[in-house]
Each structure stands twice: as structure tokens, then as C-alpha cells.
Amino acid sequence: MRNPGLRGRILAFRWGAAVLLGAAGWLVNQYPVPLSPGTDLLFGGVAYLLAAVALGPGPGLLAAAIATVGTVWLWNHPYAWLIFSREGAAVGYLSHVRSRRPLVADLLYWLVLGLPLLLLTYGWILGVSGDTAAVLFLKQPFNGLINALGAEALYLIPAVRRALRVRAAARLRSALAVVVALAAVTPALGFGIWTGRQEWEQSVERARERVALLARSYASTLDQYVGLHAGAVRAVV
């Protein structure tokens, strides 16, 4: 680009838009959808993946880093933040530079880099194993794919494309694919969240009942013990 002033304005717009989308993602992530303690769905990824698709890998990385910094305090470790930040950069490269669909780009990220990073950080460094590890290793990529689908849907809206200064027109085939995918995934997602909460509440209730039963058993044993010793003391006196 021969005009340095125009190039500077374009760069300023891209990075400024990345900051705004990152802040929007951060705000959305303040309201996680809990499946169980320590297992939450975050939908702020829609904003930073939109930045990645429309603006490229650098702005995608910045937006993702801003949007997901709260996970450091939400989950008490920085590893999810690092993994999500790389997701923004990878999806930005694959979709903006290599012209992959956002959903395909996100799937490639999780298969090639995301899952190995989860195994390294959660499995090896944090020592997460068993059923908890299985849930996390399924939940994180699923959450990313849902966010990618949402970003792809927003990217097809003409007003959003104009706001992000995207000139290329959306493909009808892509729009139809996104509509069909959303129609299939949204009810399943809602049902999955509801089912997960119901299962968790039932597990908590069963745990409370077991604790109450054990407490009553120990209380009865303690009463018998105190009664026997009280009788022995009275006999000696």
C-alpha cells in the first residue's frame, strides 16, 4: 500500500476493533454458564473469533487475550487463557489468510494444537485425570466450536460486515450451512445445559442425603457411647 496515512488508519481501525471486540467478549464471559463446579461454558469466544475471522491472526490474538483473561481468576490458573489466545490467532490465520470456514478453522485448531495443549496443561501440569479430564477435554473443543459457529453466523450479517469493513460478499452456500447448523445445535445445546444442571443438582442432593445419614449414624453411636460412660461414672460415684 503506497499511502502510509491510509495504511496507518487501516491498522488503527483493525487493532481498535480487536480491542472493542475483546472487551465485548470479556463482558460476555462475566456470565459463564455452569455445568458443574469448575466446568463452565463461555460464549465470549463469539466476539474474539469474529475479530479473528474479519481482522486476521494478530487482532484475533489480541481480542482473545482480552476476552478470556478472566479465566485466570475463574478457574485459578492461566492455561485456559493461553489456549484460548492461541485459538484466536490460529482461527484468524486459517480463516482470514487461508480462507477456511471459521467452524473448520476452529476444528483444525483443536485437533492439531488445542487438544495437545489441554493434555499438556490440564493432564500433565495440573494433574487432572479420570472423568473430570474426559469432561474437560470434550467441553473445551465443543465450547470453541459453538463459539465459532456463532462468529460465522454474525460474520454473514451485512451490517456486521460493513461495521468491520469487510468488502467481500457472503456466500449463499455458507449462509445456508450456518442456518442449518444453528437450527440443529441450538436446541441440543440448551437441552445439554439443562440436563447437566439437573444431573449436578441430583448428585448434590444424593450427597447431602448420604452425609445426613452418616451424621445420624455417628450421632446415635456417640449418644450410646456417652450413655455408657455416664452410667459407669455414676456407678463409681
# chains A, B, ... in the order shown; residues from 1 in each chain; ligands from 1
call {"tool": "select_by_dssp", "arguments": {"residues": "segment 22-68 of chain A", "states": "strand (DSSP E)", "output": "list in words"}}
result
Val33, Pro34, Leu35, Ser36, Thr39, Asp40 and Leu41 of chain A
call {"tool": "residues_around", "arguments": {"residues": "Gly60 of chain A", "least_positions_apart": "3", "cutoff": "9 Å", "atoms": "only C-alpha atoms", "output": "PyMOL selection string"}}
result
chain A and resi 18+22+48-57+63-65+85-93
call {"tool": "atom_distance", "arguments": {"atom1": "atom CA of Gln30 of chain A", "atom2": "atom CA of Phe84 of chain A"}}
result
15.6 Å
call {"tool": "atom_distance", "arguments": {"atom1": "atom CA of Val28 of chain A", "atom2": "atom CA of Gly44 of chain A"}}
result
5.0 Å
call {"tool": "residues_around", "arguments": {"residues": "Gly150 of chain A", "least_positions_apart": "4", "cutoff": "7 Å", "atoms": "only C-alpha atoms", "output": "list in words"}}
result
Val46, Ile146 and Leu154 of chain A
call {"tool": "write_last_selection", "arguments": {"atoms": "N, CA, C and O atoms", "output": "PDB file, in the first residue's frame"}}
result
ATOM      1  N   VAL A  46     -17.369 -15.953  20.849  1.00  0.00           N
ATOM      2  CA  VAL A  46     -18.023 -15.482  19.625  1.00  0.00           C
ATOM      3  C   VAL A  46     -17.412 -14.152  19.191  1.00  0.00           C
ATOM      4  O   VAL A  46     -17.144 -13.931  17.993  1.00  0.00           O
ATOM      5  N   ILE A 146     -18.895 -24.169  19.189  1.00  0.00           N
ATOM      6  CA  ILE A 146     -20.148 -23.409  19.308  1.00  0.00           C
ATOM      7  C   ILE A 146     -19.870 -21.915  19.098  1.00  0.00           C
ATOM      8  O   ILE A 146     -20.618 -21.212  18.390  1.00  0.00           O
ATOM      9  N   LEU A 154     -22.623 -14.373  12.757  1.00  0.00           N
ATOM     10  CA  LEU A 154     -22.541 -12.911  12.800  1.00  0.00           C
ATOM     11  C   LEU A 154     -21.796 -12.356  11.582  1.00  0.00           C
ATOM     12  O   LEU A 154     -22.150 -11.300  11.056  1.00  0.00           O
TER      13      LEU A 154
END
call {"tool": "residues_around", "arguments": {"residues": "Val160 of chain A", "least_positions_apart": "4", "cutoff": "12 Å", "atoms": "only C-alpha atoms", "output": "ChimeraX atom specification"}}
result
/A:17,21,47,50-51,54,151-156,164-167,169-170
call {"tool": "write_last_selection", "arguments": {"atoms": "N, CA, C and O atoms", "output": "compact mmCIF listing (two decimals), in the first residue's frame"}}
result
# COMPACT_ATOMS: atom_id res chain seq x y z
N ALA A 17 -10.68 -2.16 16.60
CA ALA A 17 -11.83 -3.06 16.56
C ALA A 17 -11.55 -4.33 17.35
O ALA A 17 -12.44 -4.87 18.01
N LEU A 21 -13.89 -5.66 20.35
CA LEU A 21 -14.47 -7.00 20.34
C LEU A 21 -13.96 -7.84 21.50
O LEU A 21 -14.70 -8.64 22.08
N ALA A 47 -17.16 -13.25 20.14
CA ALA A 47 -16.62 -11.93 19.82
C ALA A 47 -15.18 -12.01 19.34
O ALA A 47 -14.83 -11.41 18.31
N LEU A 50 -14.92 -13.68 15.95
CA LEU A 50 -15.36 -12.74 14.91
C LEU A 50 -14.23 -11.79 14.54
O LEU A 50 -14.00 -11.51 13.36
N ALA A 51 -13.50 -11.31 15.56
CA ALA A 51 -12.34 -10.46 15.29
C ALA A 51 -11.30 -11.22 14.49
O ALA A 51 -10.69 -10.68 13.55
N ALA A 54 -12.58 -11.65 10.77
CA ALA A 54 -12.70 -10.42 9.99
C ALA A 54 -11.39 -9.64 9.90
O ALA A 54 -11.15 -8.96 8.91
N ALA A 151 -19.77 -16.98 15.66
CA ALA A 151 -19.00 -15.96 14.95
C ALA A 151 -19.26 -16.01 13.45
O ALA A 151 -19.38 -14.97 12.79
N GLU A 152 -19.36 -17.22 12.92
CA GLU A 152 -19.64 -17.37 11.49
C GLU A 152 -21.01 -16.82 11.15
O GLU A 152 -21.20 -16.19 10.10
N ALA A 153 -21.98 -17.04 12.03
CA ALA A 153 -23.32 -16.51 11.80
C ALA A 153 -23.31 -14.98 11.80
O ALA A 153 -23.92 -14.34 10.92
N LEU A 154 -22.62 -14.37 12.76
CA LEU A 154 -22.54 -12.91 12.80
C LEU A 154 -21.80 -12.36 11.58
O LEU A 154 -22.15 -11.30 11.06
N TYR A 155 -20.78 -13.08 11.14
CA TYR A 155 -19.97 -12.62 10.00
C TYR A 155 -20.78 -12.56 8.71
O TYR A 155 -20.44 -11.82 7.79
N LEU A 156 -21.85 -13.33 8.64
CA LEU A 156 -22.68 -13.34 7.44
C LEU A 156 -23.68 -12.18 7.40
O LEU A 156 -24.30 -11.94 6.37
N LEU A 164 -17.22 -3.89 10.24
CA LEU A 164 -15.84 -4.36 10.30
C LEU A 164 -15.09 -4.10 8.99
O LEU A 164 -13.95 -4.55 8.84
N ARG A 165 -15.74 -3.40 8.06
CA ARG A 165 -15.14 -3.01 6.78
C ARG A 165 -14.68 -4.21 5.97
O ARG A 165 -13.59 -4.23 5.41
N VAL A 166 -15.54 -5.21 5.92
CA VAL A 166 -15.30 -6.39 5.10
C VAL A 166 -16.03 -6.18 3.77
O VAL A 166 -17.25 -6.03 3.76
N ARG A 167 -15.30 -6.20 2.68
CA ARG A 167 -15.90 -5.89 1.38
C ARG A 167 -16.48 -7.11 0.67
O ARG A 167 -17.45 -7.00 -0.06
N ALA A 169 -18.56 -10.22 -0.36
CA ALA A 169 -19.94 -10.60 -0.06
C ALA A 169 -19.99 -12.01 0.51
O ALA A 169 -19.14 -12.86 0.21
N ALA A 170 -20.98 -12.24 1.36
CA ALA A 170 -21.15 -13.57 1.95
C ALA A 170 -21.69 -14.54 0.91
O ALA A 170 -22.48 -14.17 0.04
call {"tool": "atom_distance", "arguments": {"atom1": "atom CA of Ile125 of chain A", "atom2": "atom CA of His77 of chain A"}}
result
10.7 Å
call {"tool": "decode", "arguments": {"residues": "segment 157-188 of chain A", "atoms": "N, CA, C and O atoms", "output": "short mmCIF file (atom, residue, chain, number, x, y, z; two decimals), in the first residue's frame"}}
result
data_model
loop_
_atom_site.label_atom_id
_atom_site.label_comp_id
_atom_site.auth_asym_id
_atom_site.auth_seq_id
_atom_site.Cartn_x
_atom_site.Cartn_y
_atom_site.Cartn_z
N ILE A 157 -23.85 -11.48 8.52
CA ILE A 157 -24.81 -10.37 8.57
C ILE A 157 -24.21 -9.15 7.88
O ILE A 157 -23.11 -8.70 8.25
N PRO A 158 -24.86 -8.58 6.89
CA PRO A 158 -24.28 -7.45 6.15
C PRO A 158 -23.89 -6.27 7.03
O PRO A 158 -22.84 -5.64 6.82
N ALA A 159 -24.72 -5.93 8.03
CA ALA A 159 -24.40 -4.79 8.89
C ALA A 159 -23.12 -5.03 9.68
O ALA A 159 -22.31 -4.11 9.87
N VAL A 160 -22.90 -6.26 10.14
CA VAL A 160 -21.68 -6.59 10.86
C VAL A 160 -20.47 -6.50 9.93
O VAL A 160 -19.41 -5.96 10.30
N ARG A 161 -20.61 -6.99 8.72
CA ARG A 161 -19.51 -6.93 7.75
C ARG A 161 -19.17 -5.48 7.41
O ARG A 161 -18.00 -5.13 7.26
N ARG A 162 -20.19 -4.64 7.26
CA ARG A 162 -19.92 -3.22 6.99
C ARG A 162 -19.22 -2.56 8.16
O ARG A 162 -18.29 -1.75 7.97
N ALA A 163 -19.65 -2.88 9.38
CA ALA A 163 -19.02 -2.28 10.56
C ALA A 163 -17.55 -2.68 10.67
O ALA A 163 -16.72 -1.88 11.12
N LEU A 164 -17.22 -3.89 10.24
CA LEU A 164 -15.84 -4.36 10.30
C LEU A 164 -15.09 -4.10 8.99
O LEU A 164 -13.95 -4.55 8.84
N ARG A 165 -15.74 -3.40 8.06
CA ARG A 165 -15.14 -3.01 6.78
C ARG A 165 -14.68 -4.21 5.97
O ARG A 165 -13.59 -4.23 5.41
N VAL A 166 -15.54 -5.21 5.92
CA VAL A 166 -15.30 -6.39 5.10
C VAL A 166 -16.03 -6.18 3.77
O VAL A 166 -17.25 -6.03 3.76
N ARG A 167 -15.30 -6.20 2.68
CA ARG A 167 -15.90 -5.89 1.38
C ARG A 167 -16.48 -7.11 0.67
O ARG A 167 -17.45 -7.00 -0.06
N ALA A 168 -15.87 -8.27 0.85
CA ALA A 168 -16.33 -9.46 0.14
C ALA A 168 -17.74 -9.83 0.59
O ALA A 168 -18.07 -9.77 1.78
N ALA A 169 -18.56 -10.22 -0.36
CA ALA A 169 -19.94 -10.60 -0.06
C ALA A 169 -19.99 -12.01 0.51
O ALA A 169 -19.14 -12.86 0.21
N ALA A 170 -20.98 -12.24 1.36
CA ALA A 170 -21.15 -13.57 1.95
C ALA A 170 -21.69 -14.54 0.91
O ALA A 170 -22.48 -14.17 0.04
N ARG A 171 -21.27 -15.79 0.99
CA ARG A 171 -21.73 -16.82 0.07
C ARG A 171 -23.06 -17.40 0.55
O ARG A 171 -23.24 -17.66 1.74
N LEU A 172 -23.98 -17.60 -0.39
CA LEU A 172 -25.28 -18.17 -0.04
C LEU A 172 -25.12 -19.58 0.53
O LEU A 172 -25.80 -19.95 1.49
N ARG A 173 -24.19 -20.34 -0.01
CA ARG A 173 -23.96 -21.70 0.48
C ARG A 173 -23.51 -21.69 1.93
O ARG A 173 -23.98 -22.49 2.74
N SER A 174 -22.63 -20.76 2.27
CA SER A 174 -22.16 -20.66 3.66
C SER A 174 -23.29 -20.25 4.58
O SER A 174 -23.43 -20.77 5.69
N ALA A 175 -24.10 -19.30 4.12
CA ALA A 175 -25.23 -18.84 4.94
C ALA A 175 -26.19 -19.98 5.22
O ALA A 175 -26.66 -20.16 6.36
N LEU A 176 -26.52 -20.76 4.21
CA LEU A 176 -27.43 -21.89 4.41
C LEU A 176 -26.84 -22.93 5.36
O LEU A 176 -27.54 -23.48 6.22
N ALA A 177 -25.53 -23.19 5.22
CA ALA A 177 -24.88 -24.16 6.10
C ALA A 177 -24.92 -23.70 7.55
O ALA A 177 -25.17 -24.50 8.46
N VAL A 178 -24.71 -22.40 7.78
CA VAL A 178 -24.73 -21.87 9.14
C VAL A 178 -26.13 -21.95 9.73
O VAL A 178 -26.32 -22.33 10.89
N VAL A 179 -27.15 -21.60 8.93
CA VAL A 179 -28.53 -21.64 9.41
C VAL A 179 -28.92 -23.07 9.80
O VAL A 179 -29.51 -23.30 10.86
N VAL A 180 -28.57 -24.03 8.96
CA VAL A 180 -28.89 -25.43 9.26
C VAL A 180 -28.15 -25.88 10.52
O VAL A 180 -28.74 -26.56 11.39
N ALA A 181 -26.87 -25.53 10.64
CA ALA A 181 -26.09 -25.94 11.81
C ALA A 181 -26.65 -25.32 13.09
O ALA A 181 -26.76 -26.00 14.12
N LEU A 182 -27.01 -24.04 13.03
CA LEU A 182 -27.58 -23.39 14.22
C LEU A 182 -28.91 -24.03 14.60
O LEU A 182 -29.20 -24.23 15.79
N ALA A 183 -29.72 -24.35 13.61
CA ALA A 183 -31.01 -24.97 13.89
C ALA A 183 -30.85 -26.33 14.54
O ALA A 183 -31.68 -26.75 15.36
N ALA A 184 -29.77 -27.03 14.19
CA ALA A 184 -29.53 -28.34 14.77
C ALA A 184 -28.86 -28.27 16.14
O ALA A 184 -29.18 -29.05 17.05
N VAL A 185 -27.94 -27.32 16.30
CA VAL A 185 -27.11 -27.29 17.51
C VAL A 185 -27.79 -26.57 18.67
O VAL A 185 -27.68 -27.00 19.82
N THR A 186 -28.52 -25.49 18.39
CA THR A 186 -29.07 -24.67 19.48
C THR A 186 -29.99 -25.45 20.41
O THR A 186 -29.83 -25.40 21.64
N PRO A 187 -30.97 -26.22 19.91
CA PRO A 187 -31.80 -27.00 20.84
C PRO A 187 -30.99 -28.04 21.62
O PRO A 187 -31.23 -28.25 22.81
N ALA A 188 -30.04 -28.69 20.92
CA ALA A 188 -29.22 -29.69 21.61
C ALA A 188 -28.37 -29.05 22.70
O ALA A 188 -28.20 -29.63 23.78
#
